[in-house]
Each structure stands twice: as C-alpha cells, then as structure tokens.
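Dumped run-v9.cif below, it's mmCIF, C-alpha atoms:
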```cif
data_my_file
loop_
_atom_site.label_atom_id
_atom_site.label_comp_id
_atom_site.auth_asym_id
_atom_site.auth_seq_id
_atom_site.Cartn_x
_atom_site.Cartn_y
_atom_site.Cartn_z
CA MET A 1 -15.32 138.03 -79.09
CA SER A 2 -13.15 141.06 -78.34
CA GLU A 3 -9.66 140.48 -77.00
CA ASP A 4 -7.86 142.11 -74.12
CA PRO A 5 -5.89 144.83 -75.94
CA CYS A 6 -2.94 144.49 -73.56
CA GLY A 7 -0.57 141.96 -75.06
CA GLN A 8 1.82 142.16 -72.12
CA GLU A 9 -0.91 141.14 -69.68
CA SER A 10 -1.77 138.17 -71.89
CA LEU A 11 1.91 137.21 -72.06
CA GLU A 12 2.11 137.11 -68.29
CA LYS A 13 -0.93 134.82 -68.18
CA ILE A 14 0.63 132.56 -70.82
CA ARG A 15 3.79 132.27 -68.73
CA ASN A 16 1.74 131.49 -65.62
CA LEU A 17 -0.21 128.85 -67.54
CA ARG A 18 3.02 127.20 -68.62
CA ASP A 19 4.32 127.16 -65.05
CA ASP A 20 1.07 125.59 -63.83
CA LEU A 21 1.06 122.82 -66.43
CA LEU A 22 4.76 122.00 -66.65
CA PRO A 23 5.06 119.68 -63.59
CA ARG A 24 2.31 117.38 -64.86
CA VAL A 25 3.42 117.34 -68.50
CA ALA A 26 7.09 116.88 -67.60
CA GLU A 27 6.32 113.76 -65.57
CA ARG A 28 7.56 110.67 -67.40
CA ILE A 29 4.94 108.10 -68.35
CA GLU A 30 5.05 104.98 -70.52
CA LEU A 31 1.98 103.44 -72.14
CA PHE A 32 1.64 100.19 -74.03
CA GLU A 33 0.56 100.69 -77.63
CA PRO A 34 -2.91 99.19 -78.17
CA ASP A 35 -3.94 97.56 -81.43
CA ALA A 36 -5.04 99.94 -84.16
CA VAL A 37 -7.77 97.48 -85.20
CA LEU A 38 -10.28 95.80 -82.88
CA ASP A 39 -10.26 92.01 -82.70
CA ILE A 40 -13.96 91.29 -82.37
CA GLU A 41 -13.84 87.98 -84.22
CA SER A 42 -11.87 86.10 -81.56
CA ARG A 43 -14.42 87.21 -78.97
CA ARG A 44 -17.54 86.55 -81.01
CA GLY A 45 -20.41 85.22 -78.93
CA ASP A 46 -19.12 86.69 -75.65
CA SER A 47 -20.57 90.17 -75.25
CA VAL A 48 -18.72 90.86 -72.00
CA ARG A 49 -15.34 90.10 -73.58
CA ILE A 50 -16.20 92.26 -76.59
CA TYR A 51 -17.31 95.05 -74.27
CA LYS A 52 -14.10 94.91 -72.23
CA HIS A 53 -11.98 94.75 -75.38
CA ILE A 54 -13.56 97.90 -76.81
CA LEU A 55 -13.41 99.64 -73.43
CA GLN A 56 -9.78 98.84 -72.70
CA THR A 57 -8.42 99.44 -76.19
CA ALA A 58 -10.28 102.72 -76.70
CA THR A 59 -9.36 104.03 -73.27
CA ILE A 60 -5.65 103.42 -73.81
CA HIS A 61 -5.81 105.13 -77.22
CA ARG A 62 -7.44 108.07 -75.48
CA GLU A 63 -4.57 108.26 -72.99
CA HIS A 64 -2.03 108.26 -75.82
CA LEU A 65 -3.93 111.03 -77.60
CA VAL A 66 -4.11 113.22 -74.51
CA HIS A 67 -0.45 112.81 -73.52
CA SER A 68 0.76 113.41 -77.07
CA ASN A 69 -1.22 116.62 -77.42
CA ARG A 70 -0.19 117.89 -73.99
CA ILE A 71 3.43 117.71 -75.11
CA ARG A 72 2.73 119.32 -78.49
CA PHE A 73 0.83 122.01 -76.63
CA MET A 74 3.81 122.74 -74.37
CA TYR A 75 6.17 122.96 -77.33
CA LEU A 76 3.86 125.52 -78.93
CA VAL A 77 3.75 127.58 -75.74
CA ASP A 78 7.54 127.43 -75.44
CA GLY A 79 7.92 128.35 -79.11
CA PHE A 80 5.58 131.31 -78.74
CA LEU A 81 7.44 132.64 -75.71
CA ARG A 82 10.78 132.14 -77.47
CA SER A 83 9.44 134.11 -80.44
CA VAL A 84 8.59 136.91 -78.03
CA ASP A 85 12.08 136.84 -76.53
CA ASP A 86 13.62 136.86 -80.03
CA GLU A 87 11.13 139.48 -81.31
CA ASN A 88 10.56 137.28 -84.35
CA PRO A 89 7.17 138.06 -85.94
CA MET A 90 7.45 135.26 -88.51
CA THR A 91 7.56 132.49 -85.92
CA LEU A 92 5.15 134.39 -83.66
CA TYR A 93 2.35 134.26 -86.23
CA SER A 94 3.20 130.73 -87.37
CA ILE A 95 3.06 129.34 -83.84
CA ALA A 96 -0.08 131.33 -83.03
CA ARG A 97 -1.77 129.77 -86.06
CA SER A 98 -0.59 126.31 -85.04
CA MET A 99 -2.05 126.77 -81.54
CA PHE A 100 -5.31 127.94 -83.11
CA GLU A 101 -5.37 124.82 -85.30
CA LEU A 102 -4.70 122.62 -82.27
CA ASN A 103 -7.64 124.30 -80.55
CA ALA A 104 -9.93 123.66 -83.54
CA TYR A 105 -8.71 120.06 -83.95
CA LEU A 106 -9.11 119.15 -80.27
CA HIS A 107 -12.55 120.73 -80.23
CA GLU A 108 -13.60 118.65 -83.23
CA VAL A 109 -12.32 115.39 -81.74
CA ASN A 110 -13.74 116.14 -78.30
CA HIS A 111 -17.12 117.15 -79.72
CA ARG A 112 -17.44 113.95 -81.74
CA LEU A 113 -16.41 111.77 -78.81
CA VAL A 114 -18.84 113.50 -76.43
CA GLU A 115 -21.70 113.11 -78.92
CA THR A 116 -20.92 109.42 -79.35
CA VAL A 117 -20.82 108.70 -75.61
CA ALA A 118 -24.06 110.62 -75.05
CA ALA A 119 -25.88 108.31 -77.49
CA VAL A 120 -24.65 105.03 -75.96
CA SER A 121 -27.37 102.73 -74.65
CA ASP A 122 -27.72 99.07 -73.69
CA ARG A 123 -28.56 98.32 -77.32
CA SER A 124 -26.07 100.59 -79.06
CA TRP A 125 -22.92 100.17 -76.98
CA ARG A 126 -21.14 97.97 -79.51
CA PRO A 127 -21.51 100.07 -82.71
CA LEU A 128 -21.01 103.30 -80.80
CA GLY A 129 -18.10 101.84 -78.87
CA GLU A 130 -16.51 100.89 -82.20
CA LYS A 131 -17.23 104.39 -83.50
CA PHE A 132 -15.57 105.93 -80.43
CA PHE A 133 -12.56 103.67 -80.98
CA GLY A 134 -12.43 104.63 -84.67
CA LEU A 135 -12.47 108.35 -83.86
CA LEU A 136 -9.49 107.93 -81.56
CA VAL A 137 -7.60 105.88 -84.13
CA ARG A 138 -8.25 108.57 -86.72
CA ALA A 139 -7.23 111.33 -84.30
CA ARG A 140 -3.95 109.51 -83.63
CA TYR A 141 -3.03 107.98 -86.97
CA ALA A 142 -4.60 110.05 -89.76
CA THR A 143 -1.86 111.06 -92.19
CA THR A 144 -1.05 112.02 -95.77
CA ASN A 145 2.45 110.54 -95.50
CA PRO A 146 2.50 107.75 -98.14
CA GLU A 147 4.92 105.57 -96.18
CA PHE A 148 2.90 105.78 -92.96
CA ARG A 149 -0.38 105.23 -94.80
CA SER A 150 0.97 102.12 -96.50
CA LEU A 151 2.09 100.60 -93.20
CA LEU A 152 -1.21 101.36 -91.49
CA LEU A 153 -3.27 100.02 -94.38
CA GLU A 154 -1.22 96.82 -94.30
CA ALA A 155 -2.02 96.57 -90.58
CA GLY A 156 -5.72 96.63 -91.43
CA VAL A 157 -6.61 100.21 -90.51
CA PRO A 158 -9.49 101.35 -92.78
CA SER A 159 -8.54 104.14 -95.18
CA LYS A 160 -11.35 106.32 -93.81
CA ARG A 161 -9.58 106.37 -90.46
CA LEU A 162 -6.42 107.64 -92.10
CA GLU A 163 -8.04 110.80 -93.48
CA PRO A 164 -6.90 113.85 -91.48
CA PHE A 165 -9.64 116.00 -90.03
CA ASN A 166 -10.34 118.86 -92.44
CA ILE A 167 -9.12 122.05 -90.79
CA THR A 168 -11.80 124.17 -92.45
CA ASN A 169 -14.51 121.97 -90.96
CA CYS A 170 -12.73 122.05 -87.60
CA VAL A 171 -12.65 125.86 -87.65
CA ARG A 172 -16.35 126.03 -88.51
CA GLY A 173 -17.11 123.66 -85.66
CA LEU A 174 -15.08 125.77 -83.26
CA ALA A 175 -17.01 128.86 -84.39
CA SER A 176 -20.19 127.27 -83.02
CA GLU A 177 -18.84 127.73 -79.50
CA PRO A 178 -19.89 130.98 -77.75
CA GLU A 179 -16.27 131.75 -76.83
CA HIS A 180 -15.06 131.31 -80.42
CA THR A 181 -17.69 132.82 -82.72
CA ASP A 182 -14.90 134.79 -84.43
CA ALA A 183 -12.91 131.64 -85.23
CA GLU A 184 -13.15 131.88 -89.02
CA THR A 185 -12.15 135.55 -89.04
CA ARG A 186 -9.24 134.94 -86.70
CA TYR A 187 -7.97 131.99 -88.71
CA SER A 188 -8.11 133.95 -91.95
CA LEU A 189 -6.11 136.77 -90.35
CA LEU A 190 -3.46 134.42 -88.96
CA CYS A 191 -3.12 132.68 -92.32
CA ASP A 192 -2.62 136.01 -94.08
CA PHE A 193 0.29 136.79 -91.77
CA VAL A 194 1.79 133.31 -92.18
CA HIS A 195 1.45 133.16 -95.97
CA HIS A 196 3.60 135.40 -98.15
CA ASN A 197 0.91 138.05 -98.53
CA LEU A 198 0.63 141.75 -97.71
CA SER A 199 0.03 141.14 -94.00
CA SER A 200 3.23 139.11 -93.81
CA ALA A 201 5.13 141.79 -95.74
CA THR A 202 4.16 144.43 -93.17
CA THR A 203 6.24 142.57 -90.57
CA ALA A 204 9.37 143.00 -92.71
CA ASN A 205 9.73 146.79 -92.59
CA SER A 206 10.10 149.34 -89.81
CA GLY A 207 7.30 151.54 -91.09
CA ILE A 208 6.57 154.28 -93.58
CA ARG A 209 6.83 158.05 -93.54
CA LEU A 210 6.32 161.01 -95.80
CA GLY A 211 9.36 162.86 -97.08
CA ASP A 212 11.43 163.94 -100.05
CA THR A 213 14.68 162.24 -98.99
CA ALA A 214 15.26 158.49 -98.54
CA TYR A 215 18.44 157.27 -96.86
CA ALA A 216 20.40 154.07 -97.58
CA GLY A 217 23.67 153.49 -95.73
CA SER A 218 25.78 156.61 -96.19
CA GLY A 219 23.86 157.67 -99.27
CA ARG A 220 20.50 159.19 -99.96
CA MET A 221 17.92 159.60 -102.69
CA MET A 222 16.03 162.83 -103.19
CA ALA A 223 12.76 163.56 -104.95
CA ASP A 224 11.37 166.83 -106.26
CA ARG A 225 8.24 166.37 -104.17
CA GLU A 226 7.20 164.62 -100.98
CA GLY A 227 6.29 160.93 -101.23
CA THR A 228 5.81 157.77 -99.21
CA ILE A 229 9.04 156.16 -97.99
CA THR A 230 9.33 152.64 -96.54
CA ARG A 231 12.20 151.78 -94.20
CA TYR A 232 13.87 148.34 -94.29
CA GLU A 233 16.35 147.02 -91.74
CA TYR A 234 17.06 143.84 -89.82
CA PRO A 235 15.98 143.38 -87.16
CA VAL A 236 12.85 145.43 -87.75
CA VAL A 237 12.48 148.27 -85.24
CA GLY A 238 9.44 149.58 -83.43
CA LYS A 239 6.71 147.13 -84.46
CA PHE A 240 6.90 144.14 -82.16
CA THR A 241 4.77 145.58 -79.36
CA VAL A 242 1.96 145.97 -81.89
CA GLN A 243 2.41 142.35 -82.96
CA ILE A 244 2.19 141.18 -79.34
CA ASP A 245 -0.98 143.19 -78.77
CA ARG A 246 -2.46 141.67 -81.93
CA VAL A 247 -1.52 138.03 -81.29
CA ALA A 248 -0.99 137.27 -77.58
CA PRO A 249 -4.61 137.63 -76.37
CA GLY A 250 -5.85 135.20 -79.02
CA PHE A 251 -3.01 132.78 -78.32
CA LEU A 252 -3.98 132.78 -74.64
CA ARG A 253 -7.62 132.09 -75.50
CA ASP A 254 -6.64 129.19 -77.74
CA ALA A 255 -4.25 127.78 -75.14
CA LEU A 256 -6.88 127.84 -72.39
CA ALA A 257 -9.37 126.19 -74.73
CA CYS A 258 -6.90 123.39 -75.55
CA VAL A 259 -6.48 122.66 -71.85
CA ASP A 260 -10.25 122.53 -71.49
CA TRP A 261 -10.76 120.14 -74.44
CA LEU A 262 -8.07 117.82 -73.10
CA ASN A 263 -9.54 117.89 -69.59
CA THR A 264 -13.10 117.22 -70.73
CA MET A 265 -12.32 114.55 -73.34
CA PRO A 266 -14.36 111.43 -72.42
CA GLN A 267 -12.16 108.89 -70.68
CA SER A 268 -13.96 105.90 -72.18
CA PRO A 269 -16.72 105.13 -74.70
CA PHE A 270 -19.16 104.04 -71.99
CA PRO A 271 -20.77 105.71 -68.95
CA VAL A 272 -19.52 104.63 -65.52
CA GLU A 273 -22.83 102.99 -64.58
CA MET A 274 -22.71 100.78 -67.67
CA ILE A 275 -19.07 99.86 -67.05
CA GLU A 276 -19.93 98.77 -63.51
CA HIS A 277 -22.90 96.74 -64.74
CA MET A 278 -20.96 95.02 -67.53
CA THR A 279 -17.63 94.45 -65.76
CA GLY A 280 -18.57 94.43 -62.09
CA SER A 281 -16.38 97.45 -61.30
CA PRO A 282 -16.63 101.19 -62.05
CA ASP A 283 -12.82 101.28 -62.06
CA ALA A 284 -12.27 98.75 -64.82
CA ILE A 285 -9.86 101.19 -66.42
CA PRO A 286 -7.47 103.25 -64.23
CA THR A 287 -7.14 106.88 -65.29
CA GLY A 288 -4.69 109.57 -64.35
CA PRO A 289 -5.48 113.00 -62.92
CA LYS A 290 -6.51 115.89 -65.09
CA GLU A 291 -4.30 118.85 -65.83
CA PRO A 292 -4.18 121.36 -62.96
CA SER A 293 -6.55 124.27 -63.39
CA PRO A 294 -4.77 127.31 -64.86
CA ARG A 295 -4.49 130.44 -62.80
#
```

Write-out of the structure in structure tokens:
Amino acid sequence: MSEDPCGQESLEKIRNLRDDLLPRVAERIELFEPDAVLDIESRRGDSVRIYKHILQTATIHREHLVHSNRIRFMYLVDGFLRSVDDENPMTLYSIARSMFELNAYLHEVNHRLVETVAAVSDRSWRPLGEKFFGLLVRARYATTNPEFRSLLLEAGVPSKRLEPFNITNCVRGLASEPEHTDAETRYSLLCDFVHHNLSSATTANSGIRLGDTAYAGSGRMMADREGTITRYEYPVVGKFTVQIDRVAPGFLRDALACVDWLNTMPQSPFPVEMIEHMTGSPDAIPTGPKEPSPR
C-alpha cells in the first residue's frame, strides 16, 4: 500500500487522533484483578456456574488488556510527537517500529479471539471459552522475565500461556490484511533504521557532496582531485523533513489500525444470544464505551 507522501499532513492527523482519544484514555478507571487460572473444579457439575465463571473472568481480563494497551498506545503517540519536536531521528524510528509492533500484536490477538468466538456453539462453549480465556491470559502475562515467569508458574499459569507472541508470526498475520500487505517490507525497513546498520548511520550525518576540500572547525583538508565528502555535526541539519515524510504516514496507518483492533476486540467469549440463554440476561457483564471514532 502506498503512503501519503506528505509527512506534515500525516502529522496533523496524528495530532488530531491524539486529541480525539485523550479524554477517554485519561479517564481514571480501576478494575479488580481476575484470577489468572480458571477454577472449574469447585464448580464441577454445574454448567451454568462454569459458564458464568468463564464469562466473567475472561471479560474482565479483556477489559484489562484493552485499557493497558490504550495507555501504551498514547505513550507511543506522545513519544512520536516529542521526537518530531526534538527532531530526533533515533527515537522517531524506534517509536515508529514500536507502534508497528503494537499493531501487529493487537491484530494477532484480536484475530485469534474473533476466530474462537465465531466457532462457539452449544456443545463447544466450554473448551472454546477456556481457549478464549487462555489467549487473554497469554496476551496479558506472557513474558521472558525469569522472576515474573517463576511467580506466574507458581500461581498455576501453564508455561504455554507465558510464551510471548512471536513478532515475526504477528507481522505475517498482519500482512494478510488488505490494508497491510506491505507489513513485512515495512517492518524490515524500520528495523534497519533502528539497528546499528547503514540505514541508521544515514541519520547521523548532514549529507554528502563532491569536492576537493573538506572542512573541520577552523581547518581544512585538501585533495588533489574531487571526491565524496560526508558532513558530520550535531544536531544533524537538513534531513528531518525527509525522515518525517518517510515515517509519519506509516505511523498514522499503524495508529489507526491499533484503534480499530481495540474497538473490535470481542467483549466476551460467547455471543449475546447464548449469554442471555445461559444467564437470563444479555447484560450479564457490563462493558464500557468504545474509543471515539478518529477524525
């Protein structure tokens, strides 16, 4: 997918998006922490109690996941805009890659949850409800931190649910979406600017020219024939507009996608009709409003 070549126009849309979302994200909310492991045994023999337990616990985990990622999202937007104000290409590319990874991660989680809910039936609600719950636990708690892993394993969380989602697989999954068919190419480019490679090195000079005299402070070096000369200075001069044009349109696309994945994430493991049938009420679990639609 081709990007809007005007980075400044994309920046204005990013600022507008932030203004639209800030009131909702800034609103204080407290949520009880649900158990990280389902307690089916104490409810054995009572399908309605098991159903409600899965429904309630999974739904609250979903709320935690959404609120946590809304806040991370806003910090990335703020960091990106601060990088623009500071004209710092190093943080610009790093934050752009992080927003891309958030897009790919949220797509992966959302896609798996949607697939699970779509397959739920009167006969499969329990195993698929447990699968839905497990996906949310993994999305919230997966970690490579040894201390955290040890505590979660002691609490009974299966090791499989502590394995972080593989970013390469997430990127491939994102590339299956019509709006993101270039995902793998974009991610590779962002990584090359973040890692200490040639792309990253190009952000650390003010350009090259042809000449036979190179200047350094009050001195100069001369050559007997014309050659390529690279200019170094801090801060780098004359390149940041190009960086904005290269990065801002993609950042905007990733940011809008993140809002969409968060808004469309299933609110519970079961369809409303089934919830009403099993619990007697379609509103067994209260849910908050979605994010406002971006301008």

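By all atoms listed in the file, and with residues fewer than 6 positions from Met99 of chain A along its chain excluded, the set lying at most 9 Å from it is Phe73, Leu76, Val77, Phe251, Asp254, Ala255 and Cys258 of chain A.
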
Residue with smallest distance to Arg82 of chain A - pool A:Arg15, A:Arg70, A:Arg43, A:His61, counting all atoms listed in the file
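That would be A:Arg15, the residue with the smallest distance to Arg82 of chain A.
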
Long-range neighbours of segment 161-165 of chain A as a VMD selection string, 10 Å cut-off, only C-alpha atoms, 3 positions minimum in chain:
chain A and resid 105 108 to 109 134 to 145 148 to 149 152 to 153 157 to 158 168 to 170

Go ahead and compute the interatomic distance for atom CA of Thr59 of chain A and atom CA of His277 of chain A, in Å to one decimal.
17.6 Å

I'd like the neighbourhood of segment 190-202 of chain A as a PyMOL selection string, where a residue qualifies if any of its atoms comes within 6 Å (using all atoms listed in the file), though same-chain residues fewer than 3 positions away should be ignored.
chain A and resi 94+97+187

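Residues surrounding Ala214 of chain A within 9 Å are Gly219, Arg220, Met221, Met222, Ala223, Ile229, Thr230 and Arg231 of chain A [all atoms listed in the file; sequence separation below 4 positions excluded].
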
Distance of atom CA of Pro271 of chain A from atom CA of Gly129 of chain A, expressed in Å to one decimal place
11.0 Å

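For the structure in this document, the set picked by the PyMOL selection byres ((chain A and resi 274) around 12) is A:Val48, A:Tyr51, A:Lys52, A:Leu55, A:Val117, A:Val120, A:Ser121, A:Asp122, A:Arg123, A:Ser124, A:Trp125, A:Ser268, A:Pro269, A:Phe270, A:Pro271, A:Val272, A:Glu273, A:Ile275, A:Glu276, A:His277, A:Met278, A:Thr279, A:Gly280, A:Ser281, A:Pro282, A:Asp283, A:Ala284.
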
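All protein, DNA and RNA residues at most 12 Å from (-16.2, 135.3, -81.9) are Met1, Ser2, Glu3, Val171, Arg172, Leu174, Ala175, Ser176, Glu177, Pro178, Glu179, His180, Thr181, Asp182, Ala183, Glu184, Thr185, Arg186, Tyr187, Gly250 and Arg253 of chain A, using all atoms listed in the file.
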
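Shortest separation to Pro235 of chain A among A:Met265, A:Met90, A:Leu256, A:Leu102 occurs at residue A:Met90, atoms counted being only C-alpha atoms.
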
Counting only C-alpha atoms, find the residues whose atoms lie at most 9 Å from (15.8, 143.3, -90.6) (file coordinates) and write them out as an MDAnalysis selection string.
chainID A and resid 204:206 232:237

Test item: the PyMOL selection byres ((chain A and resi 249) around 8) resolved as a VMD selection string
chain A and resid 3 to 7 10 to 11 245 to 248 250 to 253

What lies within 8 Å of Phe80 of chain A using all atoms listed in the file, ignoring chain neighbours under 3 positions off, as a ChimeraX atom specification?
/A:76-77,83-84,91-92,95-96

Between atom CA of Thr241 of chain A and atom CA of Asp78 of chain A, what distance in Å does the model show, to one decimal?
18.8 Å

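Considering only C-alpha atoms, the residue among A:Glu101, A:Glu154, A:Glu115, A:Asp86 positioned nearest to Phe240 of chain A is A:Asp86.
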
Report as an mmCIF file with C-alpha atoms, in the frame of the given file the full result of the PyMOL selection byres ((chain A and resi 34) around 9) when it is applied to this structure.
```cif
data_model
loop_
_atom_site.group_PDB
_atom_site.id
_atom_site.type_symbol
_atom_site.label_atom_id
_atom_site.label_comp_id
_atom_site.auth_asym_id
_atom_site.auth_seq_id
_atom_site.Cartn_x
_atom_site.Cartn_y
_atom_site.Cartn_z
ATOM 1 C CA LEU A 31 1.980 103.440 -72.140
ATOM 2 C CA PHE A 32 1.640 100.190 -74.030
ATOM 3 C CA GLU A 33 0.560 100.690 -77.630
ATOM 4 C CA ASP A 35 -3.940 97.560 -81.430
ATOM 5 C CA ALA A 36 -5.040 99.940 -84.160
ATOM 6 C CA VAL A 37 -7.770 97.480 -85.200
ATOM 7 C CA GLN A 56 -9.780 98.840 -72.700
ATOM 8 C CA THR A 57 -8.420 99.440 -76.190
ATOM 9 C CA ALA A 58 -10.280 102.720 -76.700
ATOM 10 C CA ILE A 60 -5.650 103.420 -73.810
ATOM 11 C CA HIS A 61 -5.810 105.130 -77.220
#
```

Grab segment 105-118 of chain A from that structure and dump N, CA and C atoms to a file, as a PDB file, in the first residue's frame.
```
ATOM      1  N   TYR A 105       0.810  -7.039  16.946  1.00  0.00           N
ATOM      2  CA  TYR A 105       0.437  -7.811  18.142  1.00  0.00           C
ATOM      3  C   TYR A 105      -1.070  -7.762  18.386  1.00  0.00           C
ATOM      4  N   LEU A 106      -1.656  -6.570  18.346  1.00  0.00           N
ATOM      5  CA  LEU A 106      -3.097  -6.448  18.580  1.00  0.00           C
ATOM      6  C   LEU A 106      -3.894  -7.146  17.492  1.00  0.00           C
ATOM      7  N   HIS A 107      -3.400  -7.084  16.261  1.00  0.00           N
ATOM      8  CA  HIS A 107      -4.072  -7.815  15.184  1.00  0.00           C
ATOM      9  C   HIS A 107      -4.069  -9.304  15.467  1.00  0.00           C
ATOM     10  N   GLU A 108      -2.927  -9.831  15.886  1.00  0.00           N
ATOM     11  CA  GLU A 108      -2.809 -11.265  16.156  1.00  0.00           C
ATOM     12  C   GLU A 108      -3.764 -11.689  17.269  1.00  0.00           C
ATOM     13  N   VAL A 109      -3.766 -10.947  18.364  1.00  0.00           N
ATOM     14  CA  VAL A 109      -4.642 -11.283  19.488  1.00  0.00           C
ATOM     15  C   VAL A 109      -6.102 -11.172  19.072  1.00  0.00           C
ATOM     16  N   ASN A 110      -6.449 -10.070  18.419  1.00  0.00           N
ATOM     17  CA  ASN A 110      -7.830  -9.853  18.000  1.00  0.00           C
ATOM     18  C   ASN A 110      -8.295 -10.940  17.042  1.00  0.00           C
ATOM     19  N   HIS A 111      -7.436 -11.284  16.088  1.00  0.00           N
ATOM     20  CA  HIS A 111      -7.787 -12.298  15.091  1.00  0.00           C
ATOM     21  C   HIS A 111      -8.061 -13.645  15.756  1.00  0.00           C
ATOM     22  N   ARG A 112      -7.222 -14.027  16.694  1.00  0.00           N
ATOM     23  CA  ARG A 112      -7.412 -15.311  17.377  1.00  0.00           C
ATOM     24  C   ARG A 112      -8.682 -15.306  18.224  1.00  0.00           C
ATOM     25  N   LEU A 113      -8.947 -14.199  18.896  1.00  0.00           N
ATOM     26  CA  LEU A 113     -10.157 -14.116  19.711  1.00  0.00           C
ATOM     27  C   LEU A 113     -11.409 -14.169  18.847  1.00  0.00           C
ATOM     28  N   VAL A 114     -11.406 -13.442  17.736  1.00  0.00           N
ATOM     29  CA  VAL A 114     -12.563 -13.428  16.832  1.00  0.00           C
ATOM     30  C   VAL A 114     -12.821 -14.824  16.275  1.00  0.00           C
ATOM     31  N   GLU A 115     -11.754 -15.509  15.853  1.00  0.00           N
ATOM     32  CA  GLU A 115     -11.907 -16.875  15.338  1.00  0.00           C
ATOM     33  C   GLU A 115     -12.496 -17.806  16.392  1.00  0.00           C
ATOM     34  N   THR A 116     -12.054 -17.654  17.621  1.00  0.00           N
ATOM     35  CA  THR A 116     -12.540 -18.517  18.699  1.00  0.00           C
ATOM     36  C   THR A 116     -14.020 -18.284  18.957  1.00  0.00           C
ATOM     37  N   VAL A 117     -14.424 -17.028  19.056  1.00  0.00           N
ATOM     38  CA  VAL A 117     -15.833 -16.704  19.309  1.00  0.00           C
ATOM     39  C   VAL A 117     -16.714 -17.196  18.168  1.00  0.00           C
ATOM     40  N   ALA A 118     -16.226 -17.069  16.940  1.00  0.00           N
ATOM     41  CA  ALA A 118     -17.024 -17.475  15.779  1.00  0.00           C
ATOM     42  C   ALA A 118     -17.316 -18.966  15.775  1.00  0.00           C
TER      43      ALA A 118
END
```
